[in-house]
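Here the structure is laid out as structure tokens; the discussion comes afterwards.
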Amino acid sequence: MTALVGAYDRLLVDLDGTVYAGAVAIPGAAEALEGLPVTYVTNNASRAPSDVAQHLRDLGFAAPDDSVVTSAQAGAGLLASLVPAGTSVLVVGADALRDEVVARGLVPVDTAEEARAVVQGHSPQTGWALLSEAALAIRAGATWVATNTDATLPTDRGLLVGNGSMVAAVANATGRTPEVAGKPGAPILLDAASDTGASTPLVVGDRLDTDIEGGNAAGFDTYLVLTGVNDAADVVVAPDRHQPTYIADTLAGLHGPREALVPGPRDGWTATVDGDELVVTGEPGADPAGATYVAIAAARGVPQERRATLKHTVRERSAGTGPIPWTR
Ligand SMILES: [Mg+2]
């Protein structure tokens, strides 16, 4: 048996919901990633890569400082690819973003009149005055890059205002939209691959609309792990751009056969679409895990506009089939 991970030369791994949940490591994640070529890719632009790496090491992950790529790095890199060296940049974001801008030969400035570009990432200090400077600069024609467009920022207390919501304020005021470096944009993943010389990376994450969409946009295979935001039922109804190559309960699936995690036929299961109903039927004793993969394969045969409204039905031919946990 060839392990799934053996087909890839680097793993581009998400953080929250994939390796940790807030301050706690996801059980088994560190063990599953041990010894593998891992780059951690985070949309968080407010912490330096070395701080993120230290947090990972505190949780038991082998994470040297250079194993972390943040959207601040990707945002500054994207901006540097769009404007000449020495360009004056209004930095709407944390010191970690300002440092990345300086590292790429760009020059931070404080007013719209000086700025030829704007880069925007999360900082809890950003207020109306700085957003207004950004709006003035953008209206005057400045190049605008956002590190990421996450609408919310997950915390122990719940979902706070994320960078995407602050970007939306400026977009609303200017009628413009920024170039986006972080997931679901491809730049952060393309950078992480090229910086490490990877040619066949695998994108690993818990969210369809960031990790998986970003991986698909970059042209890489993707691995959805069901330890975070999205579940298997979300995959059934997801549009094409959100469909992962693999679906797995945990990161331990990296060490198993790839066929086990690819949607398709499974012994003892059938799935058919009847109108707007997806009917999944199990033989007595069939492995409950098989239902996920036959259901997703059947749903992929439905045009994506109709897929979103599919209703799920599981017909069990006997009690031996067991419950399908994700059925809605
Ligand atoms: Mg995540």
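Simple scheme: letters A, B, ... for chains in structure tokens order, numbers from 1 for residues in each chain, numbers from 1 for ligands in the order shown.
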Those in range 28-169 of chain A with strand (DSSP E) from DSSP, as a tab-separated table (two decimals) with N, CA and C atoms, in the first residue's frame:
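Below is the file states.tsv, written as the result:
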chain	number	residue	atom	x	y	z
A	38	VAL	N	6.21	19.82	5.99
A	38	VAL	CA	5.03	20.64	6.24
A	38	VAL	C	5.38	22.13	6.19
A	39	THR	N	4.56	22.90	5.48
A	39	THR	CA	4.57	24.35	5.61
A	39	THR	C	3.19	24.76	6.13
A	40	TYR	N	3.18	25.53	7.21
A	40	TYR	CA	1.92	26.00	7.78
A	40	TYR	C	1.54	27.31	7.10
A	41	VAL	N	0.32	27.37	6.59
A	41	VAL	CA	-0.12	28.53	5.81
A	41	VAL	C	-1.33	29.15	6.49
A	42	THR	N	-1.16	30.39	6.98
A	42	THR	CA	-2.23	31.01	7.73
A	42	THR	C	-2.66	32.35	7.14
A	68	VAL	N	6.45	28.53	8.64
A	68	VAL	CA	5.18	29.25	8.68
A	68	VAL	C	5.15	30.34	7.61
A	69	VAL	N	4.09	30.36	6.83
A	69	VAL	CA	3.84	31.43	5.86
A	69	VAL	C	2.55	32.13	6.26
A	70	THR	N	2.62	33.46	6.44
A	70	THR	CA	1.43	34.23	6.82
A	70	THR	C	0.92	35.03	5.63
A	88	SER	N	5.80	54.00	-2.27
A	88	SER	CA	5.28	54.38	-0.95
A	88	SER	C	3.94	53.69	-0.70
A	89	VAL	N	3.84	53.06	0.50
A	89	VAL	CA	2.69	52.20	0.81
A	89	VAL	C	2.04	52.63	2.12
A	90	LEU	N	0.74	52.87	2.08
A	90	LEU	CA	-0.02	53.08	3.31
A	90	LEU	C	-0.33	51.70	3.89
A	91	VAL	N	0.20	51.42	5.08
A	91	VAL	CA	0.00	50.11	5.71
A	91	VAL	C	-1.16	50.21	6.70
A	92	VAL	N	-2.25	49.52	6.36
A	92	VAL	CA	-3.39	49.42	7.27
A	92	VAL	C	-3.30	48.04	7.89
A	107	VAL	N	8.14	51.27	0.89
A	107	VAL	CA	8.35	52.31	1.90
A	107	VAL	C	7.02	52.68	2.57
A	108	PRO	N	6.85	52.33	3.84
A	108	PRO	CA	5.61	52.70	4.54
A	108	PRO	C	5.47	54.21	4.70
A	109	VAL	N	4.27	54.71	4.45
A	109	VAL	CA	3.97	56.13	4.67
A	109	VAL	C	2.65	56.22	5.44
A	117	ALA	N	0.30	53.07	-2.99
A	117	ALA	CA	-0.30	51.73	-2.80
A	117	ALA	C	-0.83	51.63	-1.38
A	118	VAL	N	-1.77	50.69	-1.20
A	118	VAL	CA	-2.35	50.43	0.12
A	118	VAL	C	-2.31	48.93	0.34
A	119	VAL	N	-1.82	48.50	1.51
A	119	VAL	CA	-1.92	47.09	1.87
A	119	VAL	C	-2.69	47.00	3.18
A	120	GLN	N	-3.66	46.09	3.21
A	120	GLN	CA	-4.58	46.05	4.36
A	120	GLN	C	-4.63	44.65	4.95
A	143	THR	N	-2.72	51.34	-5.87
A	143	THR	CA	-2.86	49.89	-5.96
A	143	THR	C	-3.24	49.36	-4.57
A	144	TRP	N	-4.22	48.45	-4.52
A	144	TRP	CA	-4.76	48.01	-3.21
A	144	TRP	C	-4.66	46.50	-3.10
A	145	VAL	N	-3.98	46.04	-2.07
A	145	VAL	CA	-3.86	44.61	-1.79
A	145	VAL	C	-4.38	44.33	-0.38
A	146	ALA	N	-5.20	43.29	-0.26
A	146	ALA	CA	-5.64	42.82	1.06
A	146	ALA	C	-4.90	41.51	1.38
A	152	THR	N	-14.79	37.12	9.43
A	152	THR	CA	-14.81	37.01	10.89
A	152	THR	C	-13.45	36.55	11.40
A	153	LEU	N	-13.24	36.79	12.68
A	153	LEU	CA	-12.01	36.42	13.36
A	153	LEU	C	-12.40	35.53	14.55
A	154	PRO	N	-12.12	34.22	14.47
A	154	PRO	CA	-12.57	33.33	15.55
A	154	PRO	C	-11.78	33.57	16.85
A	155	THR	N	-12.47	33.66	17.96
A	155	THR	CA	-11.81	33.77	19.26
A	155	THR	C	-12.55	32.90	20.27
A	158	GLY	N	-16.09	33.97	20.57
A	158	GLY	CA	-16.97	33.92	19.40
A	158	GLY	C	-16.31	34.62	18.23
A	159	LEU	N	-17.11	34.98	17.24
A	159	LEU	CA	-16.58	35.54	15.99
A	159	LEU	C	-16.52	37.07	16.07
A	160	LEU	N	-15.31	37.61	16.01
A	160	LEU	CA	-15.12	39.07	16.02
A	160	LEU	C	-15.03	39.57	14.57
A	161	VAL	N	-14.85	40.89	14.41
A	161	VAL	CA	-14.77	41.50	13.08
A	161	VAL	C	-13.43	41.14	12.44
Residues of range 166-273 of chain A at most 10 Å from range 298-311 of chain A: nearest atom pair and distance in Å, only C-alpha atoms, as a Markdown table:
| residue | atom | partner | partner_atom | distance |
| --- | --- | --- | --- | --- |
| A:Asp234 | CA | A:Ala308 | CA | 9.2 |
| A:Val235 | CA | A:Ala299 | CA | 9.0 |
| A:Val236 | CA | A:Ala299 | CA | 5.8 |
| A:Val237 | CA | A:Ala308 | CA | 4.5 |
| A:Ala238 | CA | A:Ala308 | CA | 6.4 |
| A:Pro239 | CA | A:Gln304 | CA | 5.2 |
| A:Asp240 | CA | A:Gln304 | CA | 6.6 |
| A:Arg241 | CA | A:Gln304 | CA | 9.7 |
| A:Gln243 | CA | A:Arg300 | CA | 8.7 |
| A:Pro263 | CA | A:Ala298 | CA | 8.7 |
| A:Gly264 | CA | A:Ala298 | CA | 8.0 |
| A:Pro265 | CA | A:Ala298 | CA | 9.3 |
| A:Thr270 | CA | A:Ala298 | CA | 8.9 |
| A:Ala271 | CA | A:Ala298 | CA | 6.0 |
| A:Thr272 | CA | A:Ala298 | CA | 6.2 |
| A:Val273 | CA | A:Ala298 | CA | 7.0 |
I need the residues from that last selection saved to file as a PDB file, in the first residue's frame (with N, CA and C atoms), if you can.
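New file again_33.pdb:
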ATOM      1  N   ASP A 234     -21.662  19.441   3.946  1.00  0.00           N
ATOM      2  CA  ASP A 234     -21.313  20.664   3.222  1.00  0.00           C
ATOM      3  C   ASP A 234     -20.681  20.334   1.869  1.00  0.00           C
ATOM      4  N   VAL A 235     -19.893  19.260   1.828  1.00  0.00           N
ATOM      5  CA  VAL A 235     -19.230  18.881   0.571  1.00  0.00           C
ATOM      6  C   VAL A 235     -20.270  18.422  -0.448  1.00  0.00           C
ATOM      7  N   VAL A 236     -21.275  17.680   0.019  1.00  0.00           N
ATOM      8  CA  VAL A 236     -22.309  17.163  -0.883  1.00  0.00           C
ATOM      9  C   VAL A 236     -22.943  18.304  -1.681  1.00  0.00           C
ATOM     10  N   VAL A 237     -23.215  19.425  -1.025  1.00  0.00           N
ATOM     11  CA  VAL A 237     -23.937  20.523  -1.685  1.00  0.00           C
ATOM     12  C   VAL A 237     -23.009  21.625  -2.202  1.00  0.00           C
ATOM     13  N   ALA A 238     -21.696  21.453  -2.047  1.00  0.00           N
ATOM     14  CA  ALA A 238     -20.753  22.521  -2.406  1.00  0.00           C
ATOM     15  C   ALA A 238     -20.598  22.663  -3.915  1.00  0.00           C
ATOM     16  N   PRO A 239     -20.339  23.901  -4.388  1.00  0.00           N
ATOM     17  CA  PRO A 239     -20.064  24.111  -5.817  1.00  0.00           C
ATOM     18  C   PRO A 239     -18.723  23.498  -6.210  1.00  0.00           C
ATOM     19  N   ASP A 240     -18.480  23.436  -7.502  1.00  0.00           N
ATOM     20  CA  ASP A 240     -17.267  22.776  -8.011  1.00  0.00           C
ATOM     21  C   ASP A 240     -15.984  23.355  -7.415  1.00  0.00           C
ATOM     22  N   ARG A 241     -15.940  24.691  -7.254  1.00  0.00           N
ATOM     23  CA  ARG A 241     -14.681  25.308  -6.804  1.00  0.00           C
ATOM     24  C   ARG A 241     -14.358  24.956  -5.348  1.00  0.00           C
ATOM     25  N   GLN A 243     -14.914  21.790  -4.149  1.00  0.00           N
ATOM     26  CA  GLN A 243     -14.829  20.334  -4.019  1.00  0.00           C
ATOM     27  C   GLN A 243     -13.380  19.891  -3.791  1.00  0.00           C
ATOM     28  N   PRO A 263     -13.972  10.487  -3.263  1.00  0.00           N
ATOM     29  CA  PRO A 263     -15.368  10.150  -3.551  1.00  0.00           C
ATOM     30  C   PRO A 263     -15.475   9.167  -4.714  1.00  0.00           C
ATOM     31  N   GLY A 264     -16.368   8.185  -4.565  1.00  0.00           N
ATOM     32  CA  GLY A 264     -16.540   7.176  -5.604  1.00  0.00           C
ATOM     33  C   GLY A 264     -17.263   5.973  -5.024  1.00  0.00           C
ATOM     34  N   PRO A 265     -17.295   4.873  -5.752  1.00  0.00           N
ATOM     35  CA  PRO A 265     -18.032   3.681  -5.294  1.00  0.00           C
ATOM     36  C   PRO A 265     -17.442   3.106  -4.008  1.00  0.00           C
ATOM     37  N   THR A 270     -25.012   2.426  -2.393  1.00  0.00           N
ATOM     38  CA  THR A 270     -25.368   3.057  -3.660  1.00  0.00           C
ATOM     39  C   THR A 270     -25.902   4.450  -3.358  1.00  0.00           C
ATOM     40  N   ALA A 271     -25.752   5.359  -4.300  1.00  0.00           N
ATOM     41  CA  ALA A 271     -26.306   6.711  -4.166  1.00  0.00           C
ATOM     42  C   ALA A 271     -26.876   7.119  -5.508  1.00  0.00           C
ATOM     43  N   THR A 272     -28.114   7.591  -5.477  1.00  0.00           N
ATOM     44  CA  THR A 272     -28.752   8.055  -6.705  1.00  0.00           C
ATOM     45  C   THR A 272     -29.443   9.384  -6.431  1.00  0.00           C
ATOM     46  N   VAL A 273     -29.609  10.162  -7.490  1.00  0.00           N
ATOM     47  CA  VAL A 273     -30.311  11.430  -7.360  1.00  0.00           C
ATOM     48  C   VAL A 273     -31.665  11.291  -8.041  1.00  0.00           C
TER      49      VAL A 273
END
Fill in: Gap from CA of Asp221 in chain A to CA of Ser81 in chain A - Å, one decimal
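Those two atoms sit 25.4 Å apart.
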Give as an mmCIF file with N, CA and C atoms, in the first residue's frame the residues surrounding ligand 1 up to a distance of 10 Å, considering only C-alpha atoms and all ligand atoms.
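Resulting contents of result28.cif:
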data_model
loop_
_atom_site.group_PDB
_atom_site.id
_atom_site.type_symbol
_atom_site.label_atom_id
_atom_site.label_comp_id
_atom_site.auth_asym_id
_atom_site.auth_seq_id
_atom_site.Cartn_x
_atom_site.Cartn_y
_atom_site.Cartn_z
ATOM 1 N N VAL A 13 -0.378 23.330 5.101
ATOM 2 C CA VAL A 13 -1.345 22.981 6.134
ATOM 3 C C VAL A 13 -1.911 24.228 6.804
ATOM 4 N N ASP A 14 -3.229 24.294 6.872
ATOM 5 C CA ASP A 14 -3.954 25.345 7.579
ATOM 6 C C ASP A 14 -3.751 25.177 9.096
ATOM 7 N N LEU A 15 -4.081 26.190 9.847
ATOM 8 C CA LEU A 15 -3.895 26.134 11.305
ATOM 9 C C LEU A 15 -5.215 25.888 12.044
ATOM 10 N N ASP A 16 -6.028 26.946 12.226
ATOM 11 C CA ASP A 16 -7.202 26.804 13.086
ATOM 12 C C ASP A 16 -8.211 25.828 12.471
ATOM 13 N N GLY A 17 -8.616 24.846 13.261
ATOM 14 C CA GLY A 17 -9.556 23.834 12.797
ATOM 15 C C GLY A 17 -8.876 22.655 12.119
ATOM 16 N N THR A 18 -7.580 22.805 11.845
ATOM 17 C CA THR A 18 -6.832 21.747 11.160
ATOM 18 C C THR A 18 -5.766 21.138 12.074
ATOM 19 N N VAL A 19 -4.950 21.983 12.707
ATOM 20 C CA VAL A 19 -3.948 21.473 13.657
ATOM 21 C C VAL A 19 -4.260 21.874 15.091
ATOM 22 N N TYR A 20 -4.957 23.015 15.257
ATOM 23 C CA TYR A 20 -5.415 23.374 16.602
ATOM 24 C C TYR A 20 -6.795 24.003 16.547
ATOM 25 N N ALA A 21 -7.442 23.982 17.711
ATOM 26 C CA ALA A 21 -8.708 24.679 17.876
ATOM 27 C C ALA A 21 -8.460 25.734 18.947
ATOM 28 N N VAL A 41 0.324 27.374 6.593
ATOM 29 C CA VAL A 41 -0.123 28.525 5.807
ATOM 30 C C VAL A 41 -1.330 29.151 6.495
ATOM 31 N N THR A 42 -1.157 30.392 6.977
ATOM 32 C CA THR A 42 -2.234 31.015 7.728
ATOM 33 C C THR A 42 -2.658 32.353 7.140
ATOM 34 N N ASN A 43 -3.955 32.612 7.131
ATOM 35 C CA ASN A 43 -4.482 33.901 6.700
ATOM 36 C C ASN A 43 -4.268 34.985 7.749
ATOM 37 N N PRO A 154 -12.124 34.216 14.474
ATOM 38 C CA PRO A 154 -12.572 33.331 15.554
ATOM 39 C C PRO A 154 -11.776 33.570 16.845
ATOM 40 N N VAL A 204 -3.982 21.267 2.739
ATOM 41 C CA VAL A 204 -4.720 20.592 3.799
ATOM 42 C C VAL A 204 -5.435 21.637 4.643
ATOM 43 N N GLY A 205 -6.747 21.488 4.823
ATOM 44 C CA GLY A 205 -7.465 22.468 5.633
ATOM 45 C C GLY A 205 -8.870 22.034 5.964
ATOM 46 N N ASP A 206 -9.548 22.860 6.780
ATOM 47 C CA ASP A 206 -10.877 22.502 7.289
ATOM 48 C C ASP A 206 -11.996 23.302 6.641
ATOM 49 N N ARG A 207 -11.665 24.298 5.791
ATOM 50 C CA ARG A 207 -12.723 25.147 5.225
ATOM 51 C C ARG A 207 -12.772 25.021 3.710
ATOM 52 N N LEU A 208 -13.976 24.798 3.196
ATOM 53 C CA LEU A 208 -14.175 24.707 1.751
ATOM 54 C C LEU A 208 -13.957 26.052 1.070
ATOM 55 N N THR A 210 -12.119 28.636 1.880
ATOM 56 C CA THR A 210 -10.789 29.253 1.939
ATOM 57 C C THR A 210 -9.727 28.243 1.502
ATOM 58 N N ASP A 211 -9.510 27.206 2.319
ATOM 59 C CA ASP A 211 -8.435 26.254 2.035
ATOM 60 C C ASP A 211 -8.652 25.518 0.712
ATOM 61 N N VAL A 225 -10.137 18.138 5.998
ATOM 62 C CA VAL A 225 -10.183 17.390 7.246
ATOM 63 C C VAL A 225 -11.383 17.890 8.051
ATOM 64 N N THR A 227 -12.256 18.237 11.071
ATOM 65 C CA THR A 227 -12.066 18.586 12.478
ATOM 66 C C THR A 227 -12.375 20.048 12.763
ATOM 67 N N GLY A 228 -12.841 20.782 11.746
ATOM 68 C CA GLY A 228 -13.060 22.212 11.936
ATOM 69 C C GLY A 228 -14.427 22.666 11.489
ATOM 70 N N VAL A 229 -14.447 23.619 10.552
ATOM 71 C CA VAL A 229 -15.682 24.316 10.198
ATOM 72 C C VAL A 229 -16.644 23.454 9.382
ATOM 73 N N ASN A 230 -16.168 22.787 8.334
ATOM 74 C CA ASN A 230 -17.074 22.121 7.395
ATOM 75 C C ASN A 230 -17.187 20.628 7.648
#
Discussion item. According to DSSP computed on the backbone, where in range 111-277 of chain A is there helix (DSSP H, G or I)? Give the residues as an NGL selection string.
Written reply: :A and (128-139 or 163-174 or 187-195 or 208-218 or 232-237 or 240-242 or 251-255 or 258-261)
Selection export as an mmCIF file, in the first residue's frame, atoms kept: C-alpha atoms:
data_model
loop_
_atom_site.group_PDB
_atom_site.id
_atom_site.type_symbol
_atom_site.label_atom_id
_atom_site.label_comp_id
_atom_site.auth_asym_id
_atom_site.auth_seq_id
_atom_site.Cartn_x
_atom_site.Cartn_y
_atom_site.Cartn_z
ATOM 1 C CA TRP A 128 -11.901 55.169 11.043
ATOM 2 C CA ALA A 129 -9.118 57.672 10.483
ATOM 3 C CA LEU A 130 -6.749 55.140 8.908
ATOM 4 C CA LEU A 131 -9.532 53.499 6.868
ATOM 5 C CA SER A 132 -10.345 56.944 5.535
ATOM 6 C CA GLU A 133 -6.711 57.544 4.534
ATOM 7 C CA ALA A 134 -6.887 54.231 2.671
ATOM 8 C CA ALA A 135 -10.115 55.249 0.947
ATOM 9 C CA LEU A 136 -8.609 58.559 -0.172
ATOM 10 C CA ALA A 137 -5.497 56.857 -1.535
ATOM 11 C CA ILE A 138 -7.505 54.197 -3.371
ATOM 12 C CA ARG A 139 -9.851 56.791 -4.860
ATOM 13 C CA ASN A 163 -10.038 41.784 8.070
ATOM 14 C CA GLY A 164 -12.540 41.079 5.312
ATOM 15 C CA SER A 165 -15.131 43.182 7.108
ATOM 16 C CA MET A 166 -12.682 46.090 7.410
ATOM 17 C CA VAL A 167 -11.801 45.659 3.724
ATOM 18 C CA ALA A 168 -15.531 45.719 2.969
ATOM 19 C CA ALA A 169 -15.837 49.128 4.647
ATOM 20 C CA VAL A 170 -13.170 50.564 2.348
ATOM 21 C CA ALA A 171 -14.642 48.772 -0.675
ATOM 22 C CA ASN A 172 -18.035 50.241 0.152
ATOM 23 C CA ALA A 173 -16.545 53.723 0.402
ATOM 24 C CA THR A 174 -14.558 53.504 -2.835
ATOM 25 C CA PRO A 187 -0.914 33.747 -4.175
ATOM 26 C CA ILE A 188 -0.252 32.583 -0.599
ATOM 27 C CA LEU A 189 -0.302 28.909 -1.651
ATOM 28 C CA LEU A 190 1.749 29.478 -4.812
ATOM 29 C CA ASP A 191 4.317 31.397 -2.725
ATOM 30 C CA ALA A 192 4.468 28.644 -0.103
ATOM 31 C CA ALA A 193 5.071 26.051 -2.810
ATOM 32 C CA SER A 194 7.667 28.015 -4.766
ATOM 33 C CA ASP A 195 9.543 29.147 -1.634
ATOM 34 C CA LEU A 208 -14.175 24.707 1.751
ATOM 35 C CA ASP A 209 -14.403 28.460 1.029
ATOM 36 C CA THR A 210 -10.789 29.253 1.939
ATOM 37 C CA ASP A 211 -8.435 26.254 2.035
ATOM 38 C CA ILE A 212 -10.086 24.110 -0.626
ATOM 39 C CA GLU A 213 -11.103 26.953 -2.930
ATOM 40 C CA GLY A 214 -7.574 28.383 -2.637
ATOM 41 C CA GLY A 215 -5.984 25.023 -3.373
ATOM 42 C CA ASN A 216 -8.194 24.559 -6.408
ATOM 43 C CA ALA A 217 -7.389 28.096 -7.598
ATOM 44 C CA ALA A 218 -3.670 27.309 -7.300
ATOM 45 C CA ALA A 232 -19.297 16.009 4.827
ATOM 46 C CA ALA A 233 -22.828 17.317 4.235
ATOM 47 C CA ASP A 234 -21.313 20.664 3.222
ATOM 48 C CA VAL A 235 -19.230 18.881 0.571
ATOM 49 C CA VAL A 236 -22.309 17.163 -0.883
ATOM 50 C CA VAL A 237 -23.937 20.523 -1.685
ATOM 51 C CA ASP A 240 -17.267 22.776 -8.011
ATOM 52 C CA ARG A 241 -14.681 25.308 -6.804
ATOM 53 C CA HIS A 242 -15.141 24.044 -3.226
ATOM 54 C CA LEU A 251 -5.030 13.941 9.497
ATOM 55 C CA ALA A 252 -4.251 10.254 10.122
ATOM 56 C CA GLY A 253 -5.764 9.643 6.690
ATOM 57 C CA LEU A 254 -2.559 11.037 5.183
ATOM 58 C CA HIS A 255 -0.923 7.741 6.064
ATOM 59 C CA ARG A 258 -5.517 7.598 -1.218
ATOM 60 C CA GLU A 259 -8.391 5.585 -2.740
ATOM 61 C CA ALA A 260 -9.970 5.383 0.727
ATOM 62 C CA LEU A 261 -10.524 9.167 0.801
#
Item to complete: Using only C-alpha atoms, determine which residues lie at most 6 Å from Gly75 in chain A, disregarding the query and same-chain residues fewer than 3 positions distant; provide the list as a ChimeraX atom specification.
Response: /A:71-72,78,147,181
Emit the selected residues as a CSV table (one decimal), in the first residue's frame, including N, CA and C atoms.
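Result went into selection07.csv, see below:
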chain,number,residue,atom,x,y,z
A,71,SER,N,-0.3,35.5,5.7
A,71,SER,CA,-0.9,36.3,4.7
A,71,SER,C,-0.2,37.7,4.6
A,72,ALA,N,0.4,38.1,5.7
A,72,ALA,CA,1.2,39.3,5.7
A,72,ALA,C,2.4,39.2,4.7
A,78,LEU,N,2.8,40.0,-2.9
A,78,LEU,CA,1.9,40.3,-4.0
A,78,LEU,C,2.0,41.7,-4.4
A,147,THR,N,-4.4,41.4,2.6
A,147,THR,CA,-3.8,40.1,3.0
A,147,THR,C,-4.8,39.0,2.9
A,181,ALA,N,-4.3,38.3,-1.3
A,181,ALA,CA,-3.2,37.3,-1.3
A,181,ALA,C,-3.5,36.0,-0.6
Worksheet item: Residues at most 8 Å from Tyr223 in chain A, counting only C-alpha atoms, excluding those fewer than 3 positions away in the same chain, as a list in words?
Response: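 Once the nearby chain positions are removed, what remains is Leu202, Val203, Val204, Gly205, Ile212, Pro244, Thr245, Tyr246, Ile247 and Ala248 of chain A.
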For those residues, write C-alpha atoms to a file as an mmCIF file, in the first residue's frame.
data_model
loop_
_atom_site.group_PDB
_atom_site.id
_atom_site.type_symbol
_atom_site.label_atom_id
_atom_site.label_comp_id
_atom_site.auth_asym_id
_atom_site.auth_seq_id
_atom_site.Cartn_x
_atom_site.Cartn_y
_atom_site.Cartn_z
ATOM 1 C CA LEU A 202 -1.129 19.033 -1.139
ATOM 2 C CA VAL A 203 -3.291 21.735 0.452
ATOM 3 C CA VAL A 204 -4.720 20.592 3.799
ATOM 4 C CA GLY A 205 -7.465 22.468 5.633
ATOM 5 C CA ILE A 212 -10.086 24.110 -0.626
ATOM 6 C CA PRO A 244 -11.761 18.702 -2.405
ATOM 7 C CA THR A 245 -9.677 15.868 -3.809
ATOM 8 C CA TYR A 246 -9.851 14.009 -0.489
ATOM 9 C CA ILE A 247 -12.205 14.049 2.520
ATOM 10 C CA ALA A 248 -10.996 12.638 5.843
#
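Taking only C-alpha atoms into account, Ser123 in chain A lies nearest to A:Asp95 out of the set A:Asp95, A:Asp150, A:Asp276, A:Glu31.
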Practice prompt. Check the smallest atom-to-atom distance from each of A:Ala74, A:Ala23, A:Val101, A:Ala140 to Arg176 in chain A using only C-alpha atoms, then report the winner.
Written response: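 So, comparing all the options, the nearest one is A:Ala140.
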Mind checking which residues fall within 7 Å of His122 in chain A, counting only C-alpha atoms, ignoring those fewer than 4 positions away in the same chain, and posting them as a tab-separated table (two decimals) with N, CA and C atoms, in the first residue's frame?
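Saved as out-v3.tsv:
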chain	number	residue	atom	x	y	z
A	45	ALA	N	-2.65	37.79	9.58
A	45	ALA	CA	-1.59	38.72	9.16
A	45	ALA	C	-1.07	39.54	10.33
A	46	SER	N	-1.56	39.28	11.52
A	46	SER	CA	-1.22	40.15	12.65
A	46	SER	C	-0.09	39.60	13.51
A	93	GLY	N	-2.63	47.95	9.03
A	93	GLY	CA	-2.42	46.63	9.61
A	93	GLY	C	-1.43	46.66	10.74
A	94	ALA	N	-1.01	45.49	11.17
A	94	ALA	CA	-0.16	45.34	12.34
A	94	ALA	C	1.32	45.53	11.97
A	162	GLY	N	-13.48	40.46	11.31
A	162	GLY	CA	-12.25	40.05	10.63
A	162	GLY	C	-11.79	41.07	9.60
A	163	ASN	N	-10.61	40.84	9.03
A	163	ASN	CA	-10.04	41.78	8.07
A	163	ASN	C	-10.96	42.00	6.87
